[in-house]
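**Student:** The structure is given below, and queries will be raised subsequently.
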Amino acid sequence: MKNDLLILIALTGWALAVPHYGSEFASSMALTCLMYAALASSWSSFCGSTRYMSLATAAFFGLGAYASALTLEHLPWLAVVALGAVVAAGVAVVIGAGVLHLRGTYFAVLTFGLTELIRHAVSYWEKQVSGTVGRVLTVVPEADTVYLTVLGLAVLALLSAMLIRRSRFGLALAGIGADEQRAQTLGVNTRLVKIAGFALTAAFAGAVGAAMSVRWTYIDPHTVFNPFIGFQTVLIALIGGAATLWGPLIAAVVFSLLAETLRLQMPQLYMMSLGLLLILCVLYLPGGLASLRLPAFATKLWRRRQA
């Protein structure tokens with residue numbers, strides 16, 4: 001853990017220097033990296049250990065964004081971010097209590113459906129109660145404040161992942177992923193552990209959504225409940241290595257670079273690149289990019305071709 005902490009401190013120092021010594025473009029790209037690093041690391045802390053495929057990240061992100069939009073004029077900035085985390089975690093507890101007994105495809109499809117349900121419910125509430133769809137954020141913090149907040153959330157997500165891996169809670173999550181029935185026979189309250197892990201993931205997604213909402217200055221359900229946010233979080237975690245600590249961070253950097261260089265100019269090529277990366281990782285790197293060793297990768301590829 002000591003080495004991981006030293007690496008995290010070094011990366012944090014580098015990230016702190018980007019807004020001061022880098023261009024505005026570099027700061028924007030670094031912010032995107034930090035956003036997906038926080039989302040993917042927190043997602044992996046639960047889903048990477050338990051092997052639950054949650055597609056509800058966009059729902060928690062959007063709830064945090066709307067919590068921010070509704071309270072930004074009345075609460076301090078850090079309280080707004082904390083509220084986004086609390087709202088998302090509360091919804092996750094309710095959802096988790098009802099659906100975490102499912103696994104595999106059923107759980108993935110149901111969490112995606114719940115995301116769409118929440119998005120349409122928010123849209124209906126906006127139309128019926130507010131008389132409009134969308135929120136204009138008139139009071140927003142400075143860009144440096146937003147950057148430091150998202151950086152702090154990314155660091156907290158990585159620290160949480162480190163601590164979880166070395167705790168009884170982390171062992172319980174890993175036991176659920178390996179064999180849930182055996183974990184129950186060993187005295188693990190699997191239902192409570194799964195709900196707690198799911199809520200922790202949601203809390204980070206809600207906090208990130210609350211912090212990132214001010215970047216757009218105008219939000220609507222289609223923007224903040226965008227399923228692409230959830231899908232990309234899952235892809236980043238899987239391609240980076242959902243069972244590893246640094247894999248999601250590595251993949252977040254790779255995806256952000258691809259997004260900035262390809263998505264705006266050649267969106268089709270960007271989606272093809274995501275699909276190609278996923279296929280290559282499934283075939284040759286089941287442990288994700290974090291497990292990449294060039295000589296071993298070349299040997300494995302050569303053996304497959306010989307076979």
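A note on labels: chains of the structure tokens are A, B, ... as shown, every chain counts residues from 1, and ligands are counted from 1 in their shown order.
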Excluding Asp220 of chain A and its own-chain neighbours fewer than 3 positions away, which residues fall within 7 Å of it when counting only C-alpha atoms? Please give them as a list in words.
**Tutor:**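 Once the adjacent positions are removed, what remains is Val133, Gly134, Arg135, Thr223 and Val224 of chain A.
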**Student:** At a cut-off of 9 Å, using only C-alpha atoms, what residues contact segment 79-87 of chain A? Leave out same-chain residues fewer than 6 positions from it and give the result as a VMD selection string.
**Tutor:** chain A and resid 60 to 61 63 to 69 71 to 72 149 200 202 to 211
**Student:** Write the residues you've just listed into a file as a tab-separated table (two decimals), in the first residue's frame, and include C-alpha atoms for each of them.
**Tutor:**
```tsv
chain	number	residue	atom	x	y	z
A	60	PHE	CA	-26.56	8.51	-10.06
A	61	PHE	CA	-24.53	11.04	-12.04
A	63	LEU	CA	-29.27	12.77	-9.72
A	64	GLY	CA	-26.15	14.46	-8.37
A	65	ALA	CA	-26.26	17.00	-11.20
A	66	TYR	CA	-29.89	17.89	-10.49
A	67	ALA	CA	-29.24	18.10	-6.76
A	68	SER	CA	-26.50	20.60	-7.58
A	69	ALA	CA	-28.71	22.60	-9.93
A	71	THR	CA	-29.33	23.90	-4.38
A	72	LEU	CA	-26.35	25.73	-5.88
A	149	THR	CA	-13.15	19.33	-6.47
A	200	LEU	CA	-20.62	3.77	-2.13
A	202	ALA	CA	-23.43	5.70	-6.30
A	203	ALA	CA	-22.17	8.30	-3.81
A	204	PHE	CA	-19.06	8.95	-5.87
A	205	ALA	CA	-21.09	9.12	-9.10
A	206	GLY	CA	-23.53	11.57	-7.50
A	207	ALA	CA	-20.72	13.76	-6.16
A	208	VAL	CA	-18.99	13.81	-9.56
A	209	GLY	CA	-22.30	14.66	-11.25
A	210	ALA	CA	-22.86	17.54	-8.82
A	211	ALA	CA	-19.36	18.90	-9.46
```
**Student:** Report the distance between atom CA of Ala30 of chain A and atom CA of Asp144 of chain A in Å, rounded to one decimal place.
**Tutor:** 12.1 Å
**Student:** Residues near segment 33-39 of chain A, anyone? I mean within 6 Å using only C-alpha atoms, not counting same-chain ones fewer than 2 positions away, as a list in words.
**Tutor:**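 Answer for this query is Ala30, Leu31, Ser41, Ser42, Leu151, Ala154, Ala157, Ala205, Leu249, Ala252, Val253 and Ser256 of chain A.
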**Student:** Mind listing the helix (DSSP H, G or I) residues of segment 123-263 of chain A, per DSSP on the backbone, as a ChimeraX atom specification?
**Tutor:** /A:123-130,143-165,168-185,190-216,221-224,227-240,247-263
**Student:** Do you know which residues are at most 7 Å from segment 177-188 of chain A counting only C-alpha atoms, after dropping those on the same chain fewer than 4 positions away, and could you put them as a PDB file with all heavy atoms, in the first residue's frame?
**Tutor:**
```pdb
ATOM      1  N   SER A  49     -15.124  -6.404  -7.860  1.00  0.00           N
ATOM      2  CA  SER A  49     -14.972  -7.456  -6.854  1.00  0.00           C
ATOM      3  C   SER A  49     -16.139  -8.437  -6.874  1.00  0.00           C
ATOM      4  O   SER A  49     -15.949  -9.655  -6.811  1.00  0.00           O
ATOM      5  CB  SER A  49     -14.858  -6.839  -5.459  1.00  0.00           C
ATOM      6  OG  SER A  49     -13.726  -5.999  -5.368  1.00  0.00           O
ATOM      7  N   THR A  50     -17.363  -7.916  -6.963  1.00  0.00           N
ATOM      8  CA  THR A  50     -18.546  -8.776  -6.882  1.00  0.00           C
ATOM      9  C   THR A  50     -18.973  -9.339  -8.230  1.00  0.00           C
ATOM     10  O   THR A  50     -19.810 -10.231  -8.290  1.00  0.00           O
ATOM     11  CB  THR A  50     -19.729  -7.989  -6.309  1.00  0.00           C
ATOM     12  OG1 THR A  50     -20.027  -6.878  -7.181  1.00  0.00           O
ATOM     13  CG2 THR A  50     -19.403  -7.457  -4.921  1.00  0.00           C
ATOM     14  N   ARG A  51     -18.426  -8.768  -9.323  1.00  0.00           N
ATOM     15  CA  ARG A  51     -18.765  -9.183 -10.691  1.00  0.00           C
ATOM     16  C   ARG A  51     -20.211  -8.846 -11.046  1.00  0.00           C
ATOM     17  O   ARG A  51     -20.827  -9.517 -11.878  1.00  0.00           O
ATOM     18  CB  ARG A  51     -18.493 -10.674 -10.894  1.00  0.00           C
ATOM     19  CG  ARG A  51     -17.029 -11.046 -10.665  1.00  0.00           C
ATOM     20  CD  ARG A  51     -16.764 -12.509 -10.883  1.00  0.00           C
ATOM     21  NE  ARG A  51     -15.372 -12.838 -10.576  1.00  0.00           N
ATOM     22  CZ  ARG A  51     -14.851 -14.061 -10.668  1.00  0.00           C
ATOM     23  NH1 ARG A  51     -15.626 -15.080 -11.057  1.00  0.00           N
ATOM     24  NH2 ARG A  51     -13.595 -14.275 -10.370  1.00  0.00           N
ATOM     25  N   ALA A 172     -15.143  -9.366   1.921  1.00  0.00           N
ATOM     26  CA  ALA A 172     -16.537  -9.797   1.763  1.00  0.00           C
ATOM     27  C   ALA A 172     -17.018  -9.595   0.329  1.00  0.00           C
ATOM     28  O   ALA A 172     -17.689 -10.468  -0.240  1.00  0.00           O
ATOM     29  CB  ALA A 172     -17.427  -9.036   2.736  1.00  0.00           C
ATOM     30  N   LEU A 173     -16.663  -8.455  -0.270  1.00  0.00           N
ATOM     31  CA  LEU A 173     -17.037  -8.207  -1.665  1.00  0.00           C
ATOM     32  C   LEU A 173     -16.399  -9.237  -2.591  1.00  0.00           C
ATOM     33  O   LEU A 173     -17.056  -9.764  -3.499  1.00  0.00           O
ATOM     34  CB  LEU A 173     -16.599  -6.796  -2.074  1.00  0.00           C
ATOM     35  CG  LEU A 173     -17.359  -5.618  -1.452  1.00  0.00           C
ATOM     36  CD1 LEU A 173     -16.693  -4.304  -1.832  1.00  0.00           C
ATOM     37  CD2 LEU A 173     -18.814  -5.611  -1.888  1.00  0.00           C
TER      38      LEU A 173
END
```
**Student:** Which one is closest to Gly96 of chain A: A:Gly197, A:Pro76, A:Gly175, A:Gly170? Count only C-alpha atoms.
**Tutor:**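 Closest candidate: A:Gly197.
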**Student:** Considering only C-alpha atoms, can you say which of A:Met53, A:Ala15, A:Asn3, A:Arg215 comes closest to Val136 of chain A?
**Tutor:**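 For Val136 of chain A, the nearest of the candidates is A:Arg215.
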**Student:** Quick one: everything within 8 Å of Phe112 of chain A, counting only C-alpha atoms, minus sequence neighbours fewer than 2 positions away in the same chain. Send it as number ranges by chain.
**Tutor:** A: 54-56, 108-110, 114-116
**Student:** Quick one, how far is atom CA of Ser44 of chain A from atom CA of Ile239 of chain A?
**Tutor:**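 These atoms are spaced 11.4 Å apart.
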**Student:** Quick one: distance from atom CA of Cys281 of chain A to atom CA of Ala161 of chain A in Å, one decimal?
**Tutor:**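 Separating atom CA of Cys281 of chain A from atom CA of Ala161 of chain A is a distance of 22.3 Å.
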**Student:** With distances taken over only C-alpha atoms, which residue among A:Ala259, A:Leu269, A:Ala199, A:Val214 lies nearest Val94 of chain A?
**Tutor:**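 Ranked by minimum distance to Val94 of chain A, first place goes to A:Ala199.
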**Student:** Restricting the calculation to only C-alpha atoms, which member of A:Ile164, A:Phe107, A:Tyr147, A:Glu126 is positioned closest to His20 of chain A?
**Tutor:** A:Tyr147
**Student:** From a DSSP calculation on the backbone, collect every residue of segment 131-254 of chain A in strand (DSSP E) and output the set as a list in words.
**Tutor:**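 Written out, the strand (DSSP E) residues of segment 131-254 of chain A are Arg135, Val136, Tyr218 and Ile219 of chain A.
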**Student:** Taking only C-alpha atoms into account, name the residue in A:Ala10, A:Ala143, A:Ala40, A:Ile118 that is nearest to Ala92 of chain A.
**Tutor:** A:Ile118
**Student:** Measuring atom to atom with only C-alpha atoms, identify which of A:Leu192, A:Leu117, A:Leu16, A:Leu70 is nearest to Leu148 of chain A.
**Tutor:**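 Distance minimum relative to Leu148 of chain A lands on A:Leu16.
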**Student:** Extract, using only C-alpha atoms, all DNA, RNA and protein residues at most 8 Å from Pro141 of chain A, discarding same-chain residues fewer than 4 positions from it, and format them as a list in words.
**Tutor:**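 Using only C-alpha atoms, the neighbours found are Trp77, Thr145, Val146 and Val214 of chain A.
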